[in-house]
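structure-v4.cif, holding mmCIF, C-alpha atoms:
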data_query
#
loop_
_atom_site.label_atom_id
_atom_site.label_comp_id
_atom_site.auth_asym_id
_atom_site.auth_seq_id
_atom_site.Cartn_x
_atom_site.Cartn_y
_atom_site.Cartn_z
CA MET V 115 0.00 0.00 0.00
CA THR V 116 1.49 3.28 -1.15
CA PHE V 117 -1.48 5.62 -0.71
CA SER V 118 -3.45 6.35 2.45
CA ASN V 119 -7.22 5.90 2.41
CA GLN V 120 -7.69 9.68 2.18
CA ALA V 121 -5.24 9.89 -0.72
CA VAL V 122 -7.16 7.12 -2.52
CA LYS V 123 -10.41 9.00 -1.87
CA ARG V 124 -8.93 12.20 -3.34
CA ALA V 125 -7.57 10.38 -6.38
CA VAL V 126 -10.84 8.57 -7.09
CA GLY V 127 -12.85 11.77 -6.68
CA ASP V 128 -10.67 13.98 -8.83
CA GLY V 129 -9.60 12.67 -12.17
CA LEU V 130 -9.98 10.14 -14.92
CA LEU V 131 -10.20 6.57 -13.65
CA SER V 132 -8.74 3.65 -15.57
CA PHE V 133 -10.34 0.20 -15.81
CA PRO V 134 -8.02 -1.85 -18.03
CA ILE V 135 -9.12 -5.34 -18.96
CA THR V 136 -7.05 -8.29 -17.78
CA ASP V 137 -5.20 -9.96 -20.66
CA PHE V 138 -5.51 -13.71 -21.24
CA ASP V 139 -3.84 -15.96 -23.80
CA GLU V 140 -5.54 -18.45 -26.14
CA GLN V 141 -5.58 -21.07 -23.37
CA GLY V 142 -7.36 -18.72 -20.95
CA ARG V 143 -4.28 -18.07 -18.80
CA PHE V 144 -3.19 -14.67 -17.55
CA ASP V 145 -0.98 -13.03 -20.20
CA GLU V 146 1.43 -11.08 -18.03
CA ALA V 147 3.50 -9.57 -20.85
CA SER V 148 0.48 -8.19 -22.69
CA TYR V 149 -1.01 -6.91 -19.41
CA ARG V 150 2.21 -5.11 -18.52
CA GLU V 151 2.12 -3.35 -21.90
CA ARG V 152 -1.56 -2.40 -21.43
CA LEU V 153 -0.94 -0.97 -17.96
CA ALA V 154 2.14 0.96 -19.10
CA TRP V 155 0.06 2.51 -21.88
CA PHE V 156 -2.75 3.44 -19.46
CA ILE V 157 -0.50 5.05 -16.86
CA GLY V 158 1.22 7.02 -19.61
CA HIS V 159 -1.96 9.10 -19.76
CA ASP V 160 -3.36 11.59 -17.26
CA ILE V 161 -5.32 9.22 -15.01
CA SER V 162 -5.80 9.37 -11.25
CA ALA V 163 -6.28 5.70 -10.28
CA VAL V 164 -6.20 2.27 -11.90
CA PHE V 165 -8.75 -0.46 -11.12
CA VAL V 166 -7.45 -3.97 -11.77
CA ALA V 167 -8.98 -7.46 -11.96
CA GLY V 168 -12.32 -5.78 -12.34
CA GLY V 169 -15.94 -6.39 -13.07
CA THR V 170 -15.87 -6.71 -16.85
CA GLY V 171 -15.57 -10.45 -16.31
CA GLU V 172 -12.02 -10.92 -15.10
CA PHE V 173 -12.57 -10.89 -11.33
CA PHE V 174 -15.25 -13.53 -11.51
CA ASN V 175 -13.01 -15.81 -13.58
CA LEU V 176 -9.73 -15.56 -11.70
CA SER V 177 -8.47 -18.02 -9.12
CA LEU V 178 -7.05 -16.47 -5.98
CA ASP V 179 -3.50 -17.17 -7.18
CA GLU V 180 -4.19 -15.61 -10.60
CA PHE V 181 -5.80 -12.61 -8.94
CA ARG V 182 -2.80 -12.14 -6.64
CA ARG V 183 -0.46 -12.19 -9.64
CA VAL V 184 -2.58 -9.68 -11.59
CA VAL V 185 -2.44 -7.29 -8.62
CA GLU V 186 1.31 -7.85 -8.11
CA VAL V 187 1.98 -7.05 -11.77
CA ALA V 188 -0.20 -3.94 -11.63
CA VAL V 189 1.52 -2.69 -8.47
CA ASP V 190 4.90 -3.32 -10.10
CA VAL V 191 4.06 -1.51 -13.35
CA VAL V 192 2.26 1.41 -11.68
CA ASP V 193 5.22 1.73 -9.29
CA GLY V 194 3.58 4.08 -6.80
CA LYS V 195 2.57 6.69 -9.40
CA LEU V 196 -1.15 6.36 -8.60
CA PRO V 197 -3.44 4.17 -6.51
CA VAL V 198 -4.07 0.58 -7.55
CA ILE V 199 -7.55 -0.65 -6.66
CA ALA V 200 -8.37 -4.36 -6.95
CA SER V 201 -11.69 -6.18 -6.69
CA ALA V 202 -13.09 -8.44 -3.97
CA GLY V 203 -16.46 -9.98 -3.29
CA LEU V 204 -18.67 -12.98 -4.15
CA SER V 205 -19.14 -14.27 -0.58
CA VAL V 206 -17.97 -12.90 2.76
CA GLU V 207 -15.13 -15.40 3.12
CA THR V 208 -14.09 -15.17 -0.53
CA GLY V 209 -14.24 -11.39 -0.31
CA LYS V 210 -12.00 -11.45 2.75
CA ALA V 211 -9.51 -13.77 1.03
CA PHE V 212 -9.31 -11.58 -2.08
CA ALA V 213 -9.01 -8.39 0.01
CA LYS V 214 -6.16 -9.98 1.98
CA ALA V 215 -4.41 -11.09 -1.22
CA ALA V 216 -4.77 -7.60 -2.69
CA GLU V 217 -3.38 -6.02 0.47
CA GLU V 218 -0.42 -8.44 0.52
CA ALA V 219 0.24 -7.72 -3.17
CA GLY V 220 0.48 -3.99 -2.46
CA ALA V 221 -2.90 -2.67 -3.65
CA ASP V 222 -4.17 0.61 -2.22
CA GLY V 223 -7.88 -0.12 -2.30
CA ILE V 224 -10.68 -2.55 -2.99
CA LEU V 225 -13.69 -2.25 -5.27
CA LEU V 226 -16.20 -4.43 -3.40
CA MET V 227 -18.36 -6.39 -5.82
CA PRO V 228 -21.88 -7.39 -4.79
CA PRO V 229 -22.50 -10.83 -3.30
CA TYR V 230 -22.80 -13.63 -5.81
CA LEU V 231 -26.03 -14.27 -7.73
CA THR V 232 -28.92 -13.86 -5.33
CA GLU V 233 -30.72 -10.82 -3.98
CA CYS V 234 -30.18 -9.76 -0.40
CA PRO V 235 -32.16 -7.70 2.07
CA GLN V 236 -30.61 -4.34 2.95
CA ASP V 237 -29.35 -5.47 6.37
CA GLY V 238 -27.70 -8.47 4.70
CA LEU V 239 -25.92 -6.24 2.17
CA VAL V 240 -24.64 -3.99 4.96
CA GLU V 241 -23.42 -6.99 6.96
CA TYR V 242 -21.77 -8.54 3.88
CA ALA V 243 -19.89 -5.32 3.10
CA LYS V 244 -19.06 -4.57 6.74
CA GLN V 245 -17.44 -7.96 7.32
CA ILE V 246 -15.22 -7.55 4.27
CA CYS V 247 -14.41 -3.90 5.15
CA ASP V 248 -13.48 -5.01 8.66
CA SER V 249 -11.08 -7.63 7.28
CA THR V 250 -8.67 -5.09 5.76
CA SER V 251 -7.26 -1.62 6.31
CA LEU V 252 -7.42 -0.83 2.58
CA ALA V 253 -9.70 1.89 1.23
CA MET V 254 -13.01 0.32 0.19
CA ILE V 255 -15.36 1.39 -2.58
CA TYR V 256 -18.74 -0.34 -2.58
CA TYR V 257 -19.95 -1.27 -6.08
CA ASN V 258 -23.68 -0.58 -6.05
CA ARG V 259 -24.85 -2.87 -8.83
CA GLY V 260 -26.71 -6.02 -9.77
CA ASN V 261 -28.16 -7.79 -6.77
CA GLY V 262 -26.24 -5.62 -4.29
CA ILE V 263 -27.97 -2.23 -4.49
CA LEU V 264 -27.75 -0.27 -1.24
CA ASP V 265 -30.45 2.27 -0.54
CA ALA V 266 -29.62 5.63 1.06
CA ALA V 267 -30.21 4.47 4.66
CA SER V 268 -28.03 1.39 4.15
CA ALA V 269 -25.27 3.39 2.50
CA GLN V 270 -25.29 5.72 5.52
CA LYS V 271 -25.24 2.80 7.95
CA LEU V 272 -22.30 1.21 6.13
CA ALA V 273 -20.40 4.52 6.01
CA ASP V 274 -21.00 4.96 9.76
CA GLN V 275 -19.73 1.46 10.57
CA CYS V 276 -16.73 1.29 8.24
CA PRO V 277 -14.10 4.04 8.52
CA ASN V 278 -12.18 2.58 5.55
CA LEU V 279 -15.22 2.85 3.26
CA ILE V 280 -14.28 5.81 1.07
CA GLY V 281 -16.61 5.54 -1.88
CA LEU V 282 -19.59 4.21 -3.74
CA LYS V 283 -19.47 3.27 -7.41
CA ASP V 284 -22.86 3.44 -9.09
CA GLY V 285 -23.46 0.58 -11.48
CA LYS V 286 -27.21 0.92 -11.77
CA GLY V 287 -27.70 4.30 -13.41
CA ASP V 288 -30.69 5.28 -11.27
CA ILE V 289 -29.88 8.96 -10.83
CA GLN V 290 -32.76 9.52 -8.39
CA ALA V 291 -31.54 6.73 -6.10
CA LEU V 292 -27.94 7.95 -6.33
CA ASN V 293 -29.07 11.50 -5.57
CA LYS V 294 -30.80 10.23 -2.40
CA ILE V 295 -27.58 8.51 -1.33
CA VAL V 296 -25.52 11.64 -1.98
CA LYS V 297 -28.00 13.81 -0.07
CA THR V 298 -28.05 11.34 2.83
CA VAL V 299 -24.35 10.45 3.11
CA GLY V 300 -22.87 13.69 1.76
CA ASP V 301 -19.14 14.07 1.29
CA ARG V 302 -18.32 11.23 3.71
CA LEU V 303 -17.98 9.16 0.49
CA VAL V 304 -16.71 9.88 -2.99
CA TYR V 305 -19.07 8.84 -5.79
CA VAL V 306 -18.10 7.20 -9.05
CA GLY V 307 -20.63 6.95 -11.89
#

Go ahead and express the file in the form of structure tokens.
Amino acid sequence: MTFSNQAVKRAVGDGLLSFPITDFDEQGRFDEASYRERLAWFIGHDISAVFVAGGTGEFFNLSLDEFRRVVEVAVDVVDGKLPVIASAGLSVETGKAFAKAAEEAGADGILLMPPYLTECPQDGLVEYAKQICDSTSLAMIYYNRGNGILDAASAQKLADQCPNLIGLKDGKGDIQALNKIVKTVGDRLVYVG
């Protein structure tokens, strides 16, 4: 970890964010050389943070060892120039394991994916996110999407319970719902659309 949680919050809230895909070869294995080139190209531009092993399919298809290597490579290539934010999620225990691997690999933050597959009540979403937030000191950004949509009251509750929660990424596109969250939680979080 190179950047403090507040530095990650500032970077995410002020600049162009980068979400490079994870490169794979014809056999479906992580293509480290191609990924290094992709990351070098991305960080050669004016961006403020890089999100790795993300939600465009890669996170959900990576083993823990593959994930760890993707994050290690990203941290190596980025070399402290800007925050590296990796993904975690699926289940509480899997989320904790991926958050720990990201922290050990040198990531600065976590984009917390929603729980796998099924819908959850609001108190279950808060508890899911809280347990994973509590398992790491890294800056956490909750990804409000799919079956894991927090309402304004739940977003406030989670922000109150998790000091390392620094942001909310909207993946739904419901501007009215996002506006309610922003009005409720205020600048305690940074918001990514």

- Task: Tell me which residues the PyMOL selection byres ((chain V and resi 307) around 8) grabs here, as a ChimeraX atom specification.
- Result: /V:283-285,287,305-306

- Message: What's around segment 216-230 of chain V at 7 Å? Count only C-alpha atoms, leave out sequence neighbours fewer than 5 positions away in its own chain, and write the answer as a ChimeraX atom specification.
- Response: /V:115-117,182,185-186,189,197-205,252-257,259,261-262

Excluding Asp301 of chain V and any residue of its chain fewer than 3 positions from it, enumerate the residues within 12 Å of it, using only C-alpha atoms, and give them as a PDB file with C-alpha atoms, in the frame of the given file.
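Writing done, so here's result02.pdb:
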ATOM      1  CA  LYS V 123     -10.410   9.000  -1.870  1.00  0.00           C
ATOM      2  CA  ARG V 124      -8.930  12.200  -3.340  1.00  0.00           C
ATOM      3  CA  GLY V 127     -12.850  11.770  -6.680  1.00  0.00           C
ATOM      4  CA  GLN V 270     -25.290   5.720   5.520  1.00  0.00           C
ATOM      5  CA  ALA V 273     -20.400   4.520   6.010  1.00  0.00           C
ATOM      6  CA  ILE V 280     -14.280   5.810   1.070  1.00  0.00           C
ATOM      7  CA  GLY V 281     -16.610   5.540  -1.880  1.00  0.00           C
ATOM      8  CA  LEU V 282     -19.590   4.210  -3.740  1.00  0.00           C
ATOM      9  CA  ILE V 295     -27.580   8.510  -1.330  1.00  0.00           C
ATOM     10  CA  VAL V 296     -25.520  11.640  -1.980  1.00  0.00           C
ATOM     11  CA  LYS V 297     -28.000  13.810  -0.070  1.00  0.00           C
ATOM     12  CA  THR V 298     -28.050  11.340   2.830  1.00  0.00           C
ATOM     13  CA  VAL V 304     -16.710   9.880  -2.990  1.00  0.00           C
ATOM     14  CA  TYR V 305     -19.070   8.840  -5.790  1.00  0.00           C
TER      15      TYR V 305
END

- Query: Which polymer residues have any atom within 12 Å of an atom of Ala147 of chain V, counting all atoms listed in the file, with same-chain residues fewer than 5 positions away left out, as a PyMOL selection string?
  - Reply: chain V and resi 136-139+152-154+184+187-188+191

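Interatomic distance, atom CA of Gln236 of chain V to atom CA of Gly209 of chain V: 18.1 Å.
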
- Task: Name every residue that the PyMOL selection byres ((chain V and resi 157) around 12) selects in this structure, writing the answer as a PyMOL selection string with chains first and numbers rising.
- Result: chain V and resi 130-134+150-156+158-165+188-189+191-198

- Starting from the shown file, work through the PyMOL selection byres ((chain V and resi 240) around 9) and note down what comes out as a PyMOL selection string. chain V and resi 235-239+241-245+264+268-269+271-272

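Atom CA of Asp265 of chain V is found 10.6 Å from atom CA of Asn293 of chain V.
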
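Atom CA of Ala211 of chain V to atom CA of Thr250 of chain V spans 9.9 Å [interatomic distance, one decimal].
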
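Proximity of V:Ala125, V:Pro277, V:Gln141, V:Ile135 to Gly168 of chain V, computed with all atoms listed in the file, is greatest for V:Ile135.
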
- Query: Can you tell me, as a ChimeraX atom specification, what residues are no more than 10 Å from Asp179 of chain V when counting only C-alpha atoms, ignoring any on the same chain fewer than 4 positions away?
  - Reply: /V:183-184,212,215

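Using only C-alpha atoms, the smallest distance between any of V:Leu176, V:Leu292, V:Ala167, V:Ala121 and Asn258 of chain V comes from V:Leu292.
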